[in-house]
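Asker: As input, take upload-v8.txt (compact mmCIF, C-alpha atoms):
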# COMPACT_ATOMS: atom_id res chain seq x y z
CA MET A 139 -45.15 -68.35 40.98
CA ARG A 140 -42.55 -66.81 43.24
CA PRO A 141 -41.34 -63.30 42.16
CA ARG A 142 -37.99 -63.23 40.54
CA PRO A 143 -35.31 -61.64 42.74
CA PRO A 144 -33.53 -58.57 41.26
CA ILE A 145 -30.35 -59.30 39.37
CA LYS A 146 -27.34 -57.69 40.89
CA GLY A 147 -25.60 -54.98 38.79
CA ARG A 148 -28.79 -53.71 37.12
CA GLY A 149 -30.23 -50.22 37.76
CA ILE A 150 -29.55 -46.61 36.91
CA PHE A 151 -25.79 -46.90 37.33
CA ASN A 152 -25.35 -49.93 35.08
CA GLY A 153 -26.31 -50.98 31.56
CA THR A 154 -28.83 -48.71 29.89
CA GLY A 155 -28.72 -46.30 32.79
CA LEU A 156 -24.98 -45.72 32.34
CA ILE A 157 -25.47 -45.03 28.63
CA ILE A 158 -28.21 -42.49 29.30
CA THR A 159 -26.14 -40.82 31.99
CA GLY A 160 -23.12 -40.61 29.67
CA LEU A 161 -25.17 -39.08 26.85
CA ALA A 162 -26.60 -36.48 29.21
CA ALA A 163 -23.14 -35.52 30.43
CA THR A 164 -21.87 -35.19 26.84
CA ALA A 165 -24.80 -32.97 25.87
CA ALA A 166 -24.18 -30.75 28.89
CA ALA A 167 -20.51 -30.41 27.97
CA LEU A 168 -21.40 -29.40 24.41
CA LEU A 169 -24.08 -26.92 25.43
CA PHE A 170 -22.06 -25.15 28.14
CA PRO A 171 -19.80 -23.21 25.70
CA LEU A 172 -22.91 -22.04 23.83
CA TRP A 173 -24.49 -20.78 27.04
CA SER A 174 -21.27 -19.06 28.15
CA TYR A 175 -20.97 -17.16 24.85
CA ALA A 176 -24.67 -16.40 24.42
CA ASP A 177 -24.41 -12.89 25.82
CA ARG A 178 -21.13 -11.93 24.11
CA PRO A 179 -21.22 -9.47 21.13
CA ASP A 180 -20.94 -10.75 17.59
CA PRO A 181 -17.36 -9.96 16.44
CA THR A 182 -18.71 -9.25 12.94
CA ASP A 183 -21.09 -6.59 14.22
CA ALA A 184 -20.45 -3.09 12.85
CA THR A 185 -20.02 -1.71 16.36
CA THR A 186 -16.92 -3.85 16.89
CA LEU A 187 -15.15 -2.79 13.68
CA SER A 188 -11.81 -1.07 14.06
CA ALA A 189 -12.10 2.54 15.08
CA GLN A 190 -9.64 3.30 12.26
CA THR A 191 -12.24 2.34 9.64
CA VAL A 192 -14.90 4.94 8.89
CA THR A 193 -18.11 4.69 6.91
CA THR A 194 -18.42 6.74 3.72
CA PRO A 195 -21.02 6.85 0.91
CA TYR A 196 -18.48 4.95 -1.22
CA GLY A 197 -17.89 2.09 1.23
CA PRO A 198 -15.76 1.59 4.36
CA LEU A 199 -12.51 3.58 4.38
CA SER A 200 -9.70 1.84 6.24
CA ALA A 201 -6.45 3.19 7.63
CA GLN A 202 -4.63 1.43 4.78
CA ASP A 203 -6.90 3.16 2.26
CA ARG A 204 -6.10 6.59 3.72
CA ASP A 205 -2.39 5.80 3.79
CA PHE A 206 -2.55 4.77 0.14
CA VAL A 207 -4.27 8.02 -0.90
CA THR A 208 -1.57 9.98 0.94
CA LYS A 209 1.24 8.01 -0.70
CA VAL A 210 -0.16 8.57 -4.19
CA ARG A 211 0.00 12.31 -3.54
CA LEU A 212 3.53 12.05 -2.09
CA ALA A 213 4.71 10.11 -5.14
CA GLY A 214 3.63 12.90 -7.45
CA LEU A 215 5.23 15.60 -5.31
CA TRP A 216 8.72 14.26 -6.00
CA GLU A 217 8.42 12.09 -9.11
CA LEU A 218 6.98 14.89 -11.24
CA PRO A 219 9.95 17.21 -10.44
CA ALA A 220 12.28 14.25 -11.02
CA GLY A 221 10.70 13.81 -14.45
CA GLN A 222 11.22 17.49 -15.18
CA LEU A 223 14.89 17.09 -14.29
CA ALA A 224 15.17 14.11 -16.65
CA GLU A 225 13.58 16.07 -19.49
CA ARG A 226 16.15 18.80 -18.99
CA LYS A 227 19.29 16.89 -17.96
CA GLY A 228 18.96 13.44 -19.54
CA THR A 229 21.79 12.64 -21.96
CA THR A 230 19.77 10.14 -24.02
CA GLN A 231 16.36 10.32 -25.66
CA ALA A 232 15.23 7.29 -23.64
CA VAL A 233 15.94 9.10 -20.34
CA ARG A 234 14.18 12.23 -21.54
CA ASP A 235 11.21 10.15 -22.69
CA ALA A 236 11.04 8.50 -19.27
CA GLY A 237 11.01 11.95 -17.70
CA ARG A 238 8.13 13.03 -19.91
CA HIS A 239 6.12 9.93 -18.92
CA LEU A 240 6.65 10.75 -15.25
CA VAL A 241 5.48 14.34 -15.74
CA ASP A 242 2.40 13.38 -17.76
CA GLY A 243 1.48 10.43 -15.56
CA HIS A 244 1.71 12.24 -12.24
CA THR A 245 -0.03 15.36 -13.53
CA SER A 246 -3.06 13.21 -14.35
CA LEU A 247 -2.79 10.95 -11.30
CA ASP A 248 -2.44 13.89 -8.94
CA ALA A 249 -5.66 15.45 -10.25
CA HIS A 250 -7.38 12.12 -9.57
CA VAL A 251 -6.01 11.72 -6.05
CA ARG A 252 -6.96 15.29 -5.08
CA THR A 253 -10.54 14.65 -6.20
CA VAL A 254 -10.71 11.37 -4.26
CA ALA A 255 -9.17 12.93 -1.14
CA SER A 256 -11.69 15.77 -1.24
CA GLN A 257 -14.61 13.36 -1.51
CA LEU A 258 -13.31 11.13 1.30
CA GLY A 259 -12.08 13.89 3.58
CA VAL A 260 -8.45 12.69 3.55
CA PRO A 261 -5.90 15.49 4.20
CA LEU A 262 -3.02 15.54 1.73
CA PRO A 263 0.58 16.77 2.06
CA ASN A 264 1.92 19.59 -0.09
CA GLU A 265 5.60 18.68 -0.04
CA PRO A 266 7.63 15.46 -0.33
CA ASN A 267 8.81 13.56 2.74
CA GLU A 268 12.43 13.72 3.89
CA GLN A 269 13.62 10.67 1.95
CA GLN A 270 12.02 11.96 -1.24
CA LYS A 271 13.66 15.35 -0.75
CA GLN A 272 17.03 13.58 -0.43
CA TRP A 273 16.43 11.72 -3.68
CA LEU A 274 15.57 14.98 -5.44
CA ALA A 275 18.73 16.60 -4.02
CA THR A 276 20.79 13.67 -5.36
CA LEU A 277 19.29 14.10 -8.82
CA ASN A 278 19.70 17.87 -8.69
CA SER A 279 23.44 17.56 -8.08
CA ALA A 280 24.09 14.76 -10.59
CA GLN A 281 25.16 15.49 -14.17
CA GLY A 282 25.72 13.60 -17.41
CA GLN A 283 25.63 9.82 -17.39
CA ASP A 284 25.81 9.88 -13.60
CA PHE A 285 22.41 11.59 -13.62
CA ASP A 286 20.99 9.06 -16.10
CA ARG A 287 22.04 6.11 -13.92
CA LYS A 288 20.85 7.63 -10.67
CA PHE A 289 17.56 8.75 -12.19
CA ALA A 290 16.80 5.27 -13.56
CA GLY A 291 18.05 3.47 -10.43
CA ILE A 292 16.27 5.56 -7.81
CA LEU A 293 13.00 5.95 -9.70
CA ARG A 294 12.81 2.26 -10.65
CA PHE A 295 13.42 1.30 -7.01
CA ALA A 296 10.68 3.67 -5.79
CA HIS A 297 8.20 2.37 -8.35
CA GLY A 298 8.99 -1.22 -7.41
CA ARG A 299 8.18 -0.43 -3.79
CA VAL A 300 4.83 1.20 -4.56
CA PHE A 301 3.78 -1.39 -7.17
CA SER A 302 3.21 -4.08 -4.53
CA LEU A 303 1.33 -1.61 -2.30
CA VAL A 304 -1.06 -0.71 -5.15
CA ALA A 305 -1.81 -4.40 -5.72
CA GLN A 306 -2.42 -5.01 -2.00
CA VAL A 307 -4.81 -2.07 -1.70
CA ARG A 308 -6.65 -2.91 -4.93
CA ALA A 309 -7.16 -6.51 -3.79
CA GLY A 310 -8.57 -5.68 -0.37
CA THR A 311 -10.21 -2.25 -0.30
CA GLN A 312 -13.97 -2.00 0.22
CA ASN A 313 -14.10 1.60 -1.00
CA SER A 314 -15.12 2.18 -4.62
CA LEU A 315 -13.19 5.48 -4.97
CA VAL A 316 -10.02 3.87 -3.64
CA ARG A 317 -10.46 0.97 -6.07
CA ASP A 318 -10.69 3.39 -9.00
CA LEU A 319 -7.62 5.29 -7.78
CA ALA A 320 -5.69 2.02 -7.39
CA ASP A 321 -6.58 1.07 -10.99
CA ASP A 322 -5.29 4.42 -12.21
CA ALA A 323 -2.15 4.19 -10.06
CA ASN A 324 -1.45 0.64 -11.23
CA ALA A 325 -1.53 1.65 -14.90
CA THR A 326 0.62 4.73 -14.24
CA VAL A 327 3.23 2.89 -12.16
CA LEU A 328 3.51 0.04 -14.67
CA ASP A 329 4.00 2.51 -17.52
CA HIS A 330 6.76 4.27 -15.56
CA ILE A 331 8.47 0.99 -14.71
CA LYS A 332 8.60 0.06 -18.39
CA VAL A 333 9.98 3.40 -19.61
CA LEU A 334 12.58 3.47 -16.82
CA GLU A 335 13.75 -0.01 -17.79
CA ALA A 336 13.85 1.07 -21.44
CA THR A 337 16.60 3.58 -20.57
CA GLY A 338 19.06 0.66 -20.28
CA TYR A 339 20.37 2.00 -16.96
CA VAL A 340 18.48 -0.27 -14.55
CA ASP A 341 20.78 -2.70 -12.72
CA PHE A 342 18.37 -5.56 -12.04
CA SER A 343 20.66 -7.45 -9.65
CA ALA A 344 21.13 -4.33 -7.51
CA LEU A 345 17.41 -3.61 -7.78
CA ALA A 346 16.49 -7.08 -6.49
CA ARG A 347 18.89 -6.65 -3.56
CA ASP A 348 17.54 -3.21 -2.68
CA LEU A 349 13.89 -4.28 -2.90
CA ALA A 350 14.61 -7.22 -0.56
CA ALA A 351 16.08 -4.86 2.04
CA PRO A 352 13.94 -3.23 4.78
CA PRO A 353 11.61 -0.47 3.51
CA SER A 354 13.72 2.19 5.25
CA ALA A 355 16.77 1.31 3.16
CA VAL A 356 17.84 3.78 0.49
CA PRO A 357 19.11 2.36 -2.83
CA THR A 358 22.68 2.96 -3.86
CA PRO A 359 22.84 3.78 -7.60
CA PRO A 360 25.45 1.85 -9.63
CA GLU A 361 28.91 3.30 -10.03
CA VAL A 362 29.42 5.47 -13.09
CA ASP A 363 32.40 5.20 -15.40
CA PRO A 364 34.80 7.97 -14.25
CA ALA A 365 35.70 8.72 -17.87
CA SER A 366 32.12 9.74 -18.58
CA ALA A 367 31.63 11.82 -15.46
CA VAL A 368 30.86 15.51 -15.86
CA PRO A 369 31.80 18.12 -13.23
CA VAL A 370 28.86 18.84 -10.96
CA VAL A 371 27.21 22.19 -11.54
CA PRO A 372 24.67 23.35 -8.96
CA SER A 373 21.15 23.17 -10.35
CA PRO A 374 18.46 25.76 -9.68
CA SER A 375 15.93 24.91 -7.03
CA THR A 376 13.22 22.59 -8.23
CA THR A 377 9.74 24.03 -8.34
CA TYR A 378 6.86 21.71 -7.51
CA ALA A 379 4.36 22.08 -10.33
CA LEU A 380 1.54 20.21 -8.61
CA PRO A 381 -1.23 22.43 -7.22
CA PRO A 382 -1.78 22.43 -3.45
CA ALA A 383 -4.25 19.97 -2.02
CA ALA A 384 -7.54 21.45 -0.90
CA SER A 385 -8.47 20.77 2.71
CA SER A 386 -11.83 19.19 3.43
CA PRO A 387 -13.64 17.92 6.52
CA PRO A 388 -13.62 14.19 7.24
CA PRO A 389 -16.67 12.21 6.13
CA ALA A 390 -19.37 11.77 8.77
CA ASN A 391 -19.77 8.32 10.27
CA SER A 392 -23.10 6.63 9.72
CA PRO A 393 -25.14 6.01 12.88
Could the structure of this file be written out as structure tokens, please?
Answerer:
Amino acid sequence: MRPRPPIKGRGIFNGTGLIITGLAATAAALLFPLWSYADRPDPTDATTLSAQTVTTPYGPLSAQDRDFVTKVRLAGLWELPAGQLAERKGTTQAVRDAGRHLVDGHTSLDAHVRTVASQLGVPLPNEPNEQQKQWLATLNSAQGQDFDRKFAGILRFAHGRVFSLVAQVRAGTQNSLVRDLADDANATVLDHIKVLEATGYVDFSALARDLAAPPSAVPTPPEVDPASAVPVVPSPSTTYALPPAASSPPPANSP
């Protein structure tokens, strides 16, 4: 029998050969990215973590954690004196009660934050920031119902700002001491919000507007009835009852 001549169009470049060639090219295209990234570092490796996060015996301590600890201390440095002013100058029992809650709450919370800061090596301030000093000066110069309104308006605004920060830190921190401090701060802030609202002087429409403004904005307390205004009498300088924060070295990073 005579051998059958080859059929044109068959071979490595047609039919089965084309399929095999196509599969090989696809596999090469899929494997190339794996080869190109094989020697790159794992982005989840500890050595690539942000330099702003340090290792402590209580878990990683982030920049946000340290900022939160500092802000808890700052809150006490001006809100406790503000509470003392309310106890002394408030014209209603509700305002004076709110002042007492601020004093008691920040006395306890400040002791907690100083302990945490010492354990984590976070330096703490010993005086309020400039905005907080301005708020204290406003309350120092206000009298009568004008004081009541400004006290409730400014303090409720400040607590509204920090309330969302506490929730954010509590939800995301990996540090057990910061979690405990956030729990304490959350309970304290919520208590203060409630007693400030119980004064009857919180203007909720103005509060919503002020909280929606940029963080640098300063709230404008509601206007007071001129008939109820009392002549302003200079108040004695406010003394900050909180003890100074002890300095401590930063925690050592783990190898």
Asker: What's the 10 Å shell around Asp203 of chain A, counting all atoms listed in the file, without same-chain residues fewer than 3 positions away, as a ChimeraX atom specification?
Answerer: /A:191,198-200,206-209,260,307-308,310-313,315-317,320
Asker: In Å, with one decimal, what is the gap from atom CA of Leu380 of chain A to atom CA of Ala309 of chain A?
Answerer: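 Between atom CA of Leu380 of chain A and atom CA of Ala309 of chain A the gap is 28.5 Å.
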Asker: Using Å and a single decimal, report how far atom CA of Pro381 of chain A sits from atom CA of Pro266 of chain A.
Answerer: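 Distance reported for this atom pair: 13.2 Å.
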Asker: I'd like the interatomic distance between atom CA of Gln269 of chain A and atom CA of Leu293 of chain A, to a tenth of an Å.
Answerer: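 A separation of 12.6 Å between them.
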Asker: Could you tell me which of A:Phe295, A:Trp216, A:Tyr196, A:Trp273 comes closest to Glu335 of chain A if we count all atoms listed in the file?
Answerer: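 For Glu335 of chain A, the nearest of the candidates is A:Phe295.
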Asker: Name the closest residue to Asp318 of chain A among the candidates A:Val192, A:Glu217, A:Arg299, A:Val251; distances are taken between atoms, counting only C-alpha atoms.
Answerer: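 Counting only C-alpha atoms, the residue closest to Asp318 of chain A is A:Val251.
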Asker: At a cut-off of 9 Å from (2.9, 19.1, -0.2) in the coordinates of the file, what residues are picked up using all atoms listed in the file, written as a list in words?
Answerer: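 Those residues, ordered by chain and then number, are Arg211, Leu212, Leu215, Leu262, Pro263, Asn264, Glu265, Pro266, Asn267, Tyr378, Leu380, Pro381, Pro382 and Ala383 of chain A.
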Asker: For segment 242-256 of chain A, supply N, CA, C and O atoms and format the output as a compact mmCIF listing (two decimals), in the frame of the given file.
Answerer:
# COMPACT_ATOMS: atom_id res chain seq x y z
N ASP A 242 3.78 13.55 -17.28
CA ASP A 242 2.40 13.38 -17.76
C ASP A 242 1.60 12.49 -16.82
O ASP A 242 0.44 12.79 -16.48
N GLY A 243 2.20 11.39 -16.40
CA GLY A 243 1.48 10.43 -15.56
C GLY A 243 1.09 11.01 -14.22
O GLY A 243 -0.06 10.84 -13.77
N HIS A 244 2.02 11.72 -13.57
CA HIS A 244 1.71 12.24 -12.24
C HIS A 244 0.87 13.51 -12.29
O HIS A 244 0.18 13.82 -11.32
N THR A 245 0.89 14.23 -13.39
CA THR A 245 -0.03 15.36 -13.53
C THR A 245 -1.47 14.86 -13.53
O THR A 245 -2.34 15.40 -12.84
N SER A 246 -1.72 13.79 -14.29
CA SER A 246 -3.06 13.21 -14.35
C SER A 246 -3.43 12.51 -13.05
O SER A 246 -4.54 12.69 -12.52
N LEU A 247 -2.51 11.70 -12.51
CA LEU A 247 -2.79 10.95 -11.30
C LEU A 247 -3.01 11.87 -10.11
O LEU A 247 -3.85 11.59 -9.24
N ASP A 248 -2.28 12.98 -10.07
CA ASP A 248 -2.44 13.89 -8.94
C ASP A 248 -3.82 14.56 -8.96
O ASP A 248 -4.43 14.77 -7.92
N ALA A 249 -4.31 14.89 -10.15
CA ALA A 249 -5.66 15.45 -10.25
C ALA A 249 -6.68 14.45 -9.72
O ALA A 249 -7.64 14.81 -9.02
N HIS A 250 -6.47 13.17 -10.03
CA HIS A 250 -7.38 12.12 -9.57
C HIS A 250 -7.32 11.99 -8.06
O HIS A 250 -8.36 11.93 -7.39
N VAL A 251 -6.12 11.95 -7.49
CA VAL A 251 -6.01 11.72 -6.05
C VAL A 251 -6.55 12.91 -5.26
O VAL A 251 -7.13 12.74 -4.18
N ARG A 252 -6.41 14.13 -5.79
CA ARG A 252 -6.96 15.29 -5.08
C ARG A 252 -8.49 15.26 -5.07
O ARG A 252 -9.13 15.63 -4.08
N THR A 253 -9.08 14.78 -6.16
CA THR A 253 -10.54 14.65 -6.20
C THR A 253 -11.01 13.60 -5.20
O THR A 253 -11.97 13.82 -4.45
N VAL A 254 -10.35 12.45 -5.18
CA VAL A 254 -10.71 11.37 -4.26
C VAL A 254 -10.54 11.83 -2.80
O VAL A 254 -11.41 11.60 -1.95
N ALA A 255 -9.43 12.48 -2.51
CA ALA A 255 -9.17 12.93 -1.14
C ALA A 255 -10.23 13.93 -0.68
O ALA A 255 -10.66 13.91 0.48
N SER A 256 -10.65 14.79 -1.59
CA SER A 256 -11.69 15.77 -1.24
C SER A 256 -13.01 15.08 -0.94
O SER A 256 -13.71 15.42 0.01
